[in-house]
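**Student:** Data file protein33.pdb (PDB, C-alpha atoms) is appended below.
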```
ATOM      1  CA  MET A 304     -24.364 -88.438 -36.014
ATOM      2  CA  HIS A 305     -22.997 -85.314 -34.304
ATOM      3  CA  ARG A 306     -20.934 -82.898 -36.276
ATOM      4  CA  LYS A 307     -17.516 -81.853 -35.064
ATOM      5  CA  THR A 308     -17.434 -78.649 -33.044
ATOM      6  CA  PHE A 309     -14.816 -75.935 -33.543
ATOM      7  CA  ARG A 310     -15.790 -74.133 -30.330
ATOM      8  CA  ASP A 311     -12.709 -75.226 -28.356
ATOM      9  CA  MET A 312     -10.150 -74.827 -31.138
ATOM     10  CA  GLN A 313      -7.642 -72.022 -30.694
ATOM     11  CA  CYS A 314      -7.982 -70.869 -34.296
ATOM     12  CA  PRO A 315     -10.161 -67.728 -34.464
ATOM     13  CA  ILE A 316     -11.284 -68.690 -37.975
ATOM     14  CA  ALA A 317     -12.540 -72.060 -36.741
ATOM     15  CA  ARG A 318     -14.275 -70.425 -33.769
ATOM     16  CA  SER A 319     -15.927 -67.916 -36.094
ATOM     17  CA  LEU A 320     -17.097 -70.695 -38.403
ATOM     18  CA  GLU A 321     -18.634 -72.413 -35.388
ATOM     19  CA  ARG A 322     -20.890 -69.363 -35.071
ATOM     20  CA  VAL A 323     -21.638 -68.511 -38.712
ATOM     21  CA  GLY A 324     -20.164 -71.263 -40.897
ATOM     22  CA  GLU A 325     -23.480 -72.716 -41.987
ATOM     23  CA  TRP A 326     -24.598 -70.966 -45.209
ATOM     24  CA  TRP A 327     -28.107 -70.234 -43.970
ATOM     25  CA  SER A 328     -26.641 -68.373 -41.005
ATOM     26  CA  ILE A 329     -24.549 -66.174 -43.275
ATOM     27  CA  LEU A 330     -27.540 -65.445 -45.517
ATOM     28  CA  ILE A 331     -29.710 -64.661 -42.487
ATOM     29  CA  LEU A 332     -27.060 -62.201 -41.279
ATOM     30  CA  ARG A 333     -26.980 -60.692 -44.779
ATOM     31  CA  GLU A 334     -30.755 -60.198 -44.714
ATOM     32  CA  ALA A 335     -30.644 -58.771 -41.179
ATOM     33  CA  GLY A 336     -28.061 -56.297 -42.471
ATOM     34  CA  TYR A 337     -30.553 -55.320 -45.190
ATOM     35  CA  GLY A 338     -33.152 -54.580 -42.504
ATOM     36  CA  THR A 339     -35.110 -57.827 -42.386
ATOM     37  CA  THR A 340     -36.286 -58.525 -38.830
ATOM     38  CA  ARG A 341     -39.358 -60.770 -38.944
ATOM     39  CA  PHE A 342     -39.566 -64.525 -39.342
ATOM     40  CA  ASP A 343     -41.997 -64.433 -42.284
ATOM     41  CA  ASP A 344     -39.825 -61.917 -44.128
ATOM     42  CA  PHE A 345     -36.679 -64.005 -43.626
ATOM     43  CA  GLN A 346     -38.552 -67.071 -44.830
ATOM     44  CA  ARG A 347     -39.926 -65.354 -47.924
ATOM     45  CA  ARG A 348     -36.678 -63.611 -48.884
ATOM     46  CA  LEU A 349     -34.505 -66.691 -48.385
ATOM     47  CA  ASP A 350     -36.994 -69.370 -49.482
ATOM     48  CA  ILE A 351     -35.916 -71.392 -46.438
ATOM     49  CA  ALA A 352     -37.925 -74.103 -44.684
ATOM     50  CA  PRO A 353     -39.537 -72.852 -41.440
ATOM     51  CA  ASN A 354     -37.898 -75.529 -39.282
ATOM     52  CA  MET A 355     -34.436 -74.671 -40.662
ATOM     53  CA  LEU A 356     -35.051 -70.952 -40.205
ATOM     54  CA  THR A 357     -36.144 -71.510 -36.602
ATOM     55  CA  ARG A 358     -32.982 -73.528 -35.867
ATOM     56  CA  ARG A 359     -30.685 -70.978 -37.496
ATOM     57  CA  LEU A 360     -32.335 -67.955 -35.840
ATOM     58  CA  ASN A 361     -32.155 -69.663 -32.440
ATOM     59  CA  ALA A 362     -28.490 -70.515 -32.999
ATOM     60  CA  LEU A 363     -27.643 -66.939 -34.050
ATOM     61  CA  VAL A 364     -29.434 -65.598 -30.965
ATOM     62  CA  GLU A 365     -27.602 -68.113 -28.744
ATOM     63  CA  GLU A 366     -24.250 -67.115 -30.270
ATOM     64  CA  GLY A 367     -24.977 -63.429 -29.669
ATOM     65  CA  LEU A 368     -25.151 -62.335 -33.314
ATOM     66  CA  LEU A 369     -28.881 -61.601 -33.246
ATOM     67  CA  ALA A 370     -31.168 -60.433 -30.461
ATOM     68  CA  ARG A 371     -34.801 -61.535 -30.212
ATOM     69  CA  ARG A 372     -37.335 -58.798 -29.346
ATOM     70  CA  GLN A 373     -41.040 -59.326 -28.838
ATOM     71  CA  TYR A 374     -43.193 -56.999 -30.942
ATOM     72  CA  CYS A 375     -46.638 -58.552 -30.394
ATOM     73  CA  ASP A 376     -48.246 -60.011 -27.263
ATOM     74  CA  ARG A 377     -51.133 -62.003 -28.756
ATOM     75  CA  PRO A 378     -49.967 -64.157 -30.262
ATOM     76  CA  PRO A 379     -46.392 -63.678 -29.055
ATOM     77  CA  ARG A 380     -44.323 -62.625 -32.085
ATOM     78  CA  PHE A 381     -40.660 -61.738 -32.218
ATOM     79  CA  GLU A 382     -38.275 -59.871 -34.440
ATOM     80  CA  TYR A 383     -34.561 -60.475 -34.826
ATOM     81  CA  VAL A 384     -32.057 -57.623 -34.886
ATOM     82  CA  LEU A 385     -28.299 -57.533 -35.244
ATOM     83  CA  THR A 386     -26.257 -57.217 -32.067
ATOM     84  CA  ASP A 387     -22.874 -55.486 -31.994
ATOM     85  CA  ALA A 388     -21.244 -58.807 -32.899
ATOM     86  CA  GLY A 389     -23.717 -59.240 -35.772
ATOM     87  CA  ARG A 390     -23.023 -55.717 -37.049
ATOM     88  CA  ASP A 391     -19.289 -56.414 -36.826
ATOM     89  CA  PHE A 392     -19.857 -59.258 -39.318
ATOM     90  CA  ARG A 393     -20.883 -56.808 -42.091
ATOM     91  CA  PRO A 394     -17.324 -56.222 -43.371
ATOM     92  CA  VAL A 395     -16.972 -59.998 -43.738
ATOM     93  CA  LEU A 396     -20.115 -59.981 -45.899
ATOM     94  CA  TRP A 397     -18.755 -57.063 -47.935
ATOM     95  CA  ALA A 398     -15.513 -58.981 -48.495
ATOM     96  CA  LEU A 399     -17.543 -62.016 -49.652
ATOM     97  CA  LEU A 400     -19.544 -59.747 -51.967
ATOM     98  CA  ALA A 401     -16.366 -58.370 -53.580
ATOM     99  CA  TRP A 402     -14.764 -61.822 -53.808
ATOM    100  CA  GLY A 403     -17.928 -63.268 -55.376
ATOM    101  CA  ASN A 404     -18.081 -60.427 -57.911
ATOM    102  CA  ARG A 405     -14.423 -60.911 -58.797
ATOM    103  CA  HIS A 406     -14.529 -64.692 -59.210
ATOM    104  CA  PHE A 407     -18.092 -65.982 -59.545
ATOM    105  CA  ALA A 408     -20.142 -63.489 -61.555
ATOM    106  CA  PRO A 409     -19.757 -64.488 -65.217
ATOM    107  CA  GLU A 410     -23.002 -62.674 -66.099
ATOM    108  CA  GLY A 411     -21.803 -59.454 -64.460
ATOM    109  CA  ILE A 412     -22.184 -57.662 -61.152
ATOM    110  CA  ALA A 413     -25.624 -57.919 -59.526
ATOM    111  CA  ALA A 414     -24.717 -56.225 -56.212
ATOM    112  CA  GLN A 415     -21.969 -53.812 -55.297
ATOM    113  CA  LEU A 416     -20.894 -51.603 -52.442
ATOM    114  CA  VAL A 417     -21.133 -47.834 -52.899
ATOM    115  CA  ASP A 418     -20.275 -44.736 -50.899
ATOM    116  CA  ARG A 419     -23.599 -43.390 -49.621
ATOM    117  CA  GLU A 420     -22.440 -39.766 -49.975
ATOM    118  CA  THR A 421     -20.853 -39.886 -53.435
ATOM    119  CA  GLY A 422     -22.602 -42.860 -55.008
ATOM    120  CA  GLU A 423     -19.203 -44.089 -56.182
ATOM    121  CA  VAL A 424     -18.572 -47.838 -56.266
ATOM    122  CA  VAL A 425     -16.065 -48.855 -53.601
ATOM    123  CA  GLU A 426     -13.894 -51.928 -53.374
ATOM    124  CA  PRO A 427     -13.716 -53.312 -49.830
ATOM    125  CA  VAL A 428     -10.218 -54.085 -48.604
ATOM    126  CA  VAL A 429      -8.828 -55.029 -45.232
ATOM    127  CA  VAL A 430      -6.541 -52.458 -43.654
ATOM    128  CA  ASP A 431      -4.639 -52.213 -40.402
ATOM    129  CA  ALA A 432      -6.743 -50.047 -38.089
ATOM    130  CA  VAL A 433      -3.651 -48.416 -36.567
ATOM    131  CA  THR A 434      -1.644 -47.538 -39.684
ATOM    132  CA  GLY A 435      -4.310 -47.607 -42.382
ATOM    133  CA  VAL A 436      -2.009 -49.830 -44.457
ATOM    134  CA  ARG A 437      -3.816 -52.281 -46.730
ATOM    135  CA  LEU A 438      -3.197 -55.873 -45.649
ATOM    136  CA  ASP A 439      -1.323 -57.764 -48.317
ATOM    137  CA  PRO A 440      -0.330 -61.449 -48.265
ATOM    138  CA  LYS A 441       3.091 -60.438 -49.599
ATOM    139  CA  ARG A 442       3.686 -58.350 -46.474
ATOM    140  CA  HIS A 443       1.386 -59.625 -43.715
ATOM    141  CA  VAL A 444       1.088 -63.082 -42.220
ATOM    142  CA  PRO A 445      -0.782 -64.537 -39.243
ATOM    143  CA  THR A 446       1.479 -65.449 -36.335
ATOM    144  CA  ALA A 447       0.970 -67.110 -32.989
ATOM    145  CA  GLY A 448      -0.500 -64.994 -30.223
ATOM    146  CA  PRO A 449       0.492 -64.992 -26.557
ATOM    147  CA  VAL A 450      -1.743 -67.922 -25.574
ATOM    148  CA  ALA A 451      -1.175 -70.091 -28.662
ATOM    149  CA  ASN A 452      -0.525 -73.756 -27.919
ATOM    150  CA  GLU A 453       2.228 -75.731 -29.676
ATOM    151  CA  SER A 454      -0.113 -77.005 -32.379
ATOM    152  CA  MET A 455      -1.222 -73.465 -33.238
ATOM    153  CA  ARG A 456       2.379 -72.211 -33.186
ATOM    154  CA  ALA A 457       3.478 -74.978 -35.563
ATOM    155  CA  ARG A 458       0.535 -74.384 -37.910
ATOM    156  CA  LEU A 459       1.201 -70.655 -38.091
ATOM    157  CA  ALA A 460       4.949 -71.149 -38.534
ATOM    158  CA  ARG A 461       4.196 -73.380 -41.546
ATOM    159  CA  ALA A 462       1.767 -70.747 -42.833
ATOM    160  CA  ALA A 463       4.404 -68.014 -42.548
ATOM    161  CA  GLU A 464       6.940 -70.167 -44.372
ATOM    162  CA  PHE A 465       4.476 -71.007 -47.115
ATOM    163  CA  ALA A 466       3.345 -67.377 -47.478
ATOM    164  CA  ALA A 467       6.916 -66.132 -47.759
ATOM    165  CA  THR A 468       7.699 -68.703 -50.423
ATOM    166  CA  GLN A 469       4.525 -68.023 -52.389
ATOM    167  CA  SER A 470       4.658 -64.241 -52.341
ATOM    168  CA  LEU A 471       8.336 -64.036 -53.234
ATOM    169  CA  THR A 472       8.298 -66.648 -55.976
ATOM    170  CA  ALA A 473       5.164 -65.021 -57.434
ATOM    171  CA  ASP A 474       7.177 -61.792 -57.762
ATOM    172  CA  GLY A 475       9.931 -63.609 -59.632
ATOM    173  CA  ALA A 476      12.357 -63.793 -56.713
ATOM    174  CA  SER A 477      14.465 -66.865 -56.273
ATOM    175  CA  ALA A 478      13.450 -69.737 -54.038
ATOM    176  CA  ASN A 479      16.568 -69.007 -51.933
ATOM    177  CA  GLN A 480      15.314 -65.483 -51.209
ATOM    178  CA  ALA A 481      11.969 -66.959 -50.156
ATOM    179  CA  LYS A 482      13.765 -69.386 -47.839
ATOM    180  CA  ASP A 483      15.803 -66.529 -46.298
ATOM    181  CA  VAL A 484      12.639 -64.544 -45.546
ATOM    182  CA  SER A 485      10.982 -67.630 -44.064
ATOM    183  CA  GLU A 486      13.977 -68.263 -41.791
ATOM    184  CA  GLU A 487      14.013 -64.578 -40.804
ATOM    185  CA  ALA A 488      10.320 -64.825 -39.815
ATOM    186  CA  SER A 489      11.058 -67.903 -37.668
ATOM    187  CA  VAL A 490      13.951 -66.163 -35.902
ATOM    188  CA  SER A 491      11.851 -63.060 -35.114
ATOM    189  CA  ARG A 492       9.336 -65.217 -33.191
TER     190      ARG A 492
END
```
For the structure just supplied, provide its representation as structure tokens.

**Tutor:**
Amino acid sequence: MHRKTFRDMQCPIARSLERVGEWWSILILREAGYGTTRFDDFQRRLDIAPNMLTRRLNALVEEGLLARRQYCDRPPRFEYVLTDAGRDFRPVLWALLAWGNRHFAPEGIAAQLVDRETGEVVEPVVVDAVTGVRLDPKRHVPTAGPVANESMRARLARAAEFAATQSLTADGASANQAKDVSEEASVSR
């Protein structure tokens, strides 16, 4: 049985999951970000079966998240290093780390992100690169881009409507105010 592919979907989240959605891939990228490069080290640190590790490393190389470099001629041995795309995945891992600490660490925090210079614990957030404004679901919503098809436009219009209703009613505003904001968002498109 073949699994469904997200490669041709317009949704950037689905396309991203096509590349890294399998949990072993995400953990391999985590380990590569910690400096692991060699097959045996990945296998030992992840306690992953060799055949699964081979498949996942090959897939990450094929998707352009890791690069394979030969470090020994006899026998031929390779190491795996993050590419630019793989390094760009680090903030996603940091967001998962913070989310996991916030919601799934009943015993306490086992890993955290710190400022290398000050040693202070930092909380990763997503900000707009242009304005520096922290992204907030009460203020920001995904919308259709220039090449979005009708299905994507409809999905994102529903998402905007839902987000407006949720964020406003969570603040104690009336459902009518939420509806007004949703209609305003539809008109601005």

**Student:** Rounded to one decimal, what separation in Å do you get between CA of Glu321 (chain A) and CA of Val364 (chain A)?

**Tutor:** 13.5 Å

**Student:** Need to verify the contact set: region 429-435 of chain A, 10 Å, all atoms listed in the file, exclusion of same-chain residues closer than 2 positions in sequence. Can you return it as an MDAnalysis selection string?

**Tutor:** chainID A and resid 394:395 398 427 437:439

**Student:** Within 7 Å of Val384 (chain A), counting all atoms listed in the file, which residues qualify if same-chain residues fewer than 6 places away don't, as an mmCIF file with C-alpha atoms, keeping the file's coordinate frame?

**Tutor:**
```cif
data_model
loop_
_atom_site.group_PDB
_atom_site.id
_atom_site.type_symbol
_atom_site.label_atom_id
_atom_site.label_comp_id
_atom_site.auth_asym_id
_atom_site.auth_seq_id
_atom_site.Cartn_x
_atom_site.Cartn_y
_atom_site.Cartn_z
ATOM 1 C CA ALA A 335 -30.644 -58.771 -41.179
ATOM 2 C CA THR A 340 -36.286 -58.525 -38.830
ATOM 3 C CA LEU A 369 -28.881 -61.601 -33.246
ATOM 4 C CA ALA A 370 -31.168 -60.433 -30.461
ATOM 5 C CA ARG A 371 -34.801 -61.535 -30.212
#
```

**Student:** Using all atoms listed in the file, find the one residue out of A:Gln469, A:Ser328, A:Gln313, A:Thr339 that sits nearest to Leu356 (chain A).

**Tutor:** A:Ser328

**Student:** Assuming the chain letters and numbering stay as they are in my file, what does the PyMOL selection byres ((chain A and resi 392) around 12) actually select? List them as a list of chain:residue names.

**Tutor:**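 Checking the PyMOL selection byres ((chain A and resi 392) around 12) against this file, the residues are A:Ser319, A:Leu320, A:Arg322, A:Val323, A:Ser328, A:Ile329, A:Leu330, A:Ile331, A:Leu332, A:Arg333, A:Ala335, A:Gly336, A:Gly367, A:Leu368, A:Leu369, A:Leu385, A:Thr386, A:Asp387, A:Ala388, A:Gly389, A:Arg390, A:Asp391, A:Arg393, A:Pro394, A:Val395, A:Leu396, A:Trp397, A:Ala398, A:Leu399.
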
**Student:** Measuring between only C-alpha atoms, which one of A:His406, A:Arg419, A:Arg442, A:Arg318 shows the shortest distance to Ala467 (chain A)?

**Tutor:**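 Closest candidate: A:Arg442.
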
**Student:** Identify which of the residues A:Tyr383, A:Tyr337, A:Trp326, A:Tyr374 lies closest to Ile351 (chain A), counting only C-alpha atoms when measuring atom-to-atom distances.

**Tutor:** A:Trp326

**Student:** Could you spell out the hits of the PyMOL selection byres ((chain A and resi 463) around 8) on the shown file, as a PyMOL selection string?

**Tutor:** chain A and resi 444-446+459-462+464-467+485+488

**Student:** Extract region 403-416 of chain A from the structure I just pasted (atoms: N, CA, C and O atoms) and return it as a PDB file, in the first residue's frame.

**Tutor:**
```pdb
ATOM      1  N   GLY A 403       6.588  21.523  23.555  1.00  0.00           N
ATOM      2  CA  GLY A 403       6.669  20.302  24.356  1.00  0.00           C
ATOM      3  C   GLY A 403       6.897  20.605  25.827  1.00  0.00           C
ATOM      4  O   GLY A 403       6.293  19.974  26.703  1.00  0.00           O
ATOM      5  N   ASN A 404       7.763  21.576  26.129  1.00  0.00           N
ATOM      6  CA  ASN A 404       7.984  21.958  27.525  1.00  0.00           C
ATOM      7  C   ASN A 404       6.711  22.525  28.145  1.00  0.00           C
ATOM      8  O   ASN A 404       6.405  22.254  29.310  1.00  0.00           O
ATOM      9  N   ARG A 405       5.985  23.313  27.396  1.00  0.00           N
ATOM     10  CA  ARG A 405       4.780  23.954  27.910  1.00  0.00           C
ATOM     11  C   ARG A 405       3.651  22.957  28.151  1.00  0.00           C
ATOM     12  O   ARG A 405       2.899  23.091  29.118  1.00  0.00           O
ATOM     13  N   HIS A 406       3.535  21.930  27.295  1.00  0.00           N
ATOM     14  CA  HIS A 406       2.356  21.071  27.370  1.00  0.00           C
ATOM     15  C   HIS A 406       2.613  19.605  27.712  1.00  0.00           C
ATOM     16  O   HIS A 406       1.675  18.908  28.103  1.00  0.00           O
ATOM     17  N   PHE A 407       3.839  19.125  27.566  1.00  0.00           N
ATOM     18  CA  PHE A 407       4.072  17.694  27.707  1.00  0.00           C
ATOM     19  C   PHE A 407       5.274  17.351  28.576  1.00  0.00           C
ATOM     20  O   PHE A 407       5.960  16.369  28.319  1.00  0.00           O
ATOM     21  N   ALA A 408       5.544  18.145  29.584  1.00  0.00           N
ATOM     22  CA  ALA A 408       6.685  17.887  30.463  1.00  0.00           C
ATOM     23  C   ALA A 408       6.239  17.908  31.928  1.00  0.00           C
ATOM     24  O   ALA A 408       6.651  18.769  32.700  1.00  0.00           O
ATOM     25  N   PRO A 409       5.398  16.941  32.323  1.00  0.00           N
ATOM     26  CA  PRO A 409       4.894  16.962  33.704  1.00  0.00           C
ATOM     27  C   PRO A 409       6.001  16.820  34.748  1.00  0.00           C
ATOM     28  O   PRO A 409       5.863  17.289  35.875  1.00  0.00           O
ATOM     29  N   GLU A 410       7.111  16.195  34.377  1.00  0.00           N
ATOM     30  CA  GLU A 410       8.221  15.996  35.317  1.00  0.00           C
ATOM     31  C   GLU A 410       9.143  17.205  35.372  1.00  0.00           C
ATOM     32  O   GLU A 410      10.034  17.275  36.197  1.00  0.00           O
ATOM     33  N   GLY A 411       8.943  18.159  34.470  1.00  0.00           N
ATOM     34  CA  GLY A 411       9.778  19.356  34.432  1.00  0.00           C
ATOM     35  C   GLY A 411      10.533  19.453  33.120  1.00  0.00           C
ATOM     36  O   GLY A 411      10.459  18.580  32.265  1.00  0.00           O
ATOM     37  N   ILE A 412      11.287  20.512  32.976  1.00  0.00           N
ATOM     38  CA  ILE A 412      11.984  20.818  31.731  1.00  0.00           C
ATOM     39  C   ILE A 412      13.319  20.086  31.663  1.00  0.00           C
ATOM     40  O   ILE A 412      14.173  20.262  32.526  1.00  0.00           O
ATOM     41  N   ALA A 413      13.490  19.274  30.627  1.00  0.00           N
ATOM     42  CA  ALA A 413      14.734  18.519  30.427  1.00  0.00           C
ATOM     43  C   ALA A 413      15.659  19.207  29.433  1.00  0.00           C
ATOM     44  O   ALA A 413      16.856  18.967  29.447  1.00  0.00           O
ATOM     45  N   ALA A 414      15.128  20.045  28.560  1.00  0.00           N
ATOM     46  CA  ALA A 414      15.933  20.776  27.573  1.00  0.00           C
ATOM     47  C   ALA A 414      15.311  22.150  27.398  1.00  0.00           C
ATOM     48  O   ALA A 414      14.090  22.287  27.431  1.00  0.00           O
ATOM     49  N   GLN A 415      16.161  23.136  27.240  1.00  0.00           N
ATOM     50  CA  GLN A 415      15.667  24.498  27.036  1.00  0.00           C
ATOM     51  C   GLN A 415      16.633  25.259  26.158  1.00  0.00           C
ATOM     52  O   GLN A 415      17.770  24.850  25.966  1.00  0.00           O
ATOM     53  N   LEU A 416      16.166  26.350  25.624  1.00  0.00           N
ATOM     54  CA  LEU A 416      16.961  27.186  24.738  1.00  0.00           C
ATOM     55  C   LEU A 416      17.512  28.349  25.555  1.00  0.00           C
ATOM     56  O   LEU A 416      16.776  28.972  26.321  1.00  0.00           O
TER      57      LEU A 416
END
```
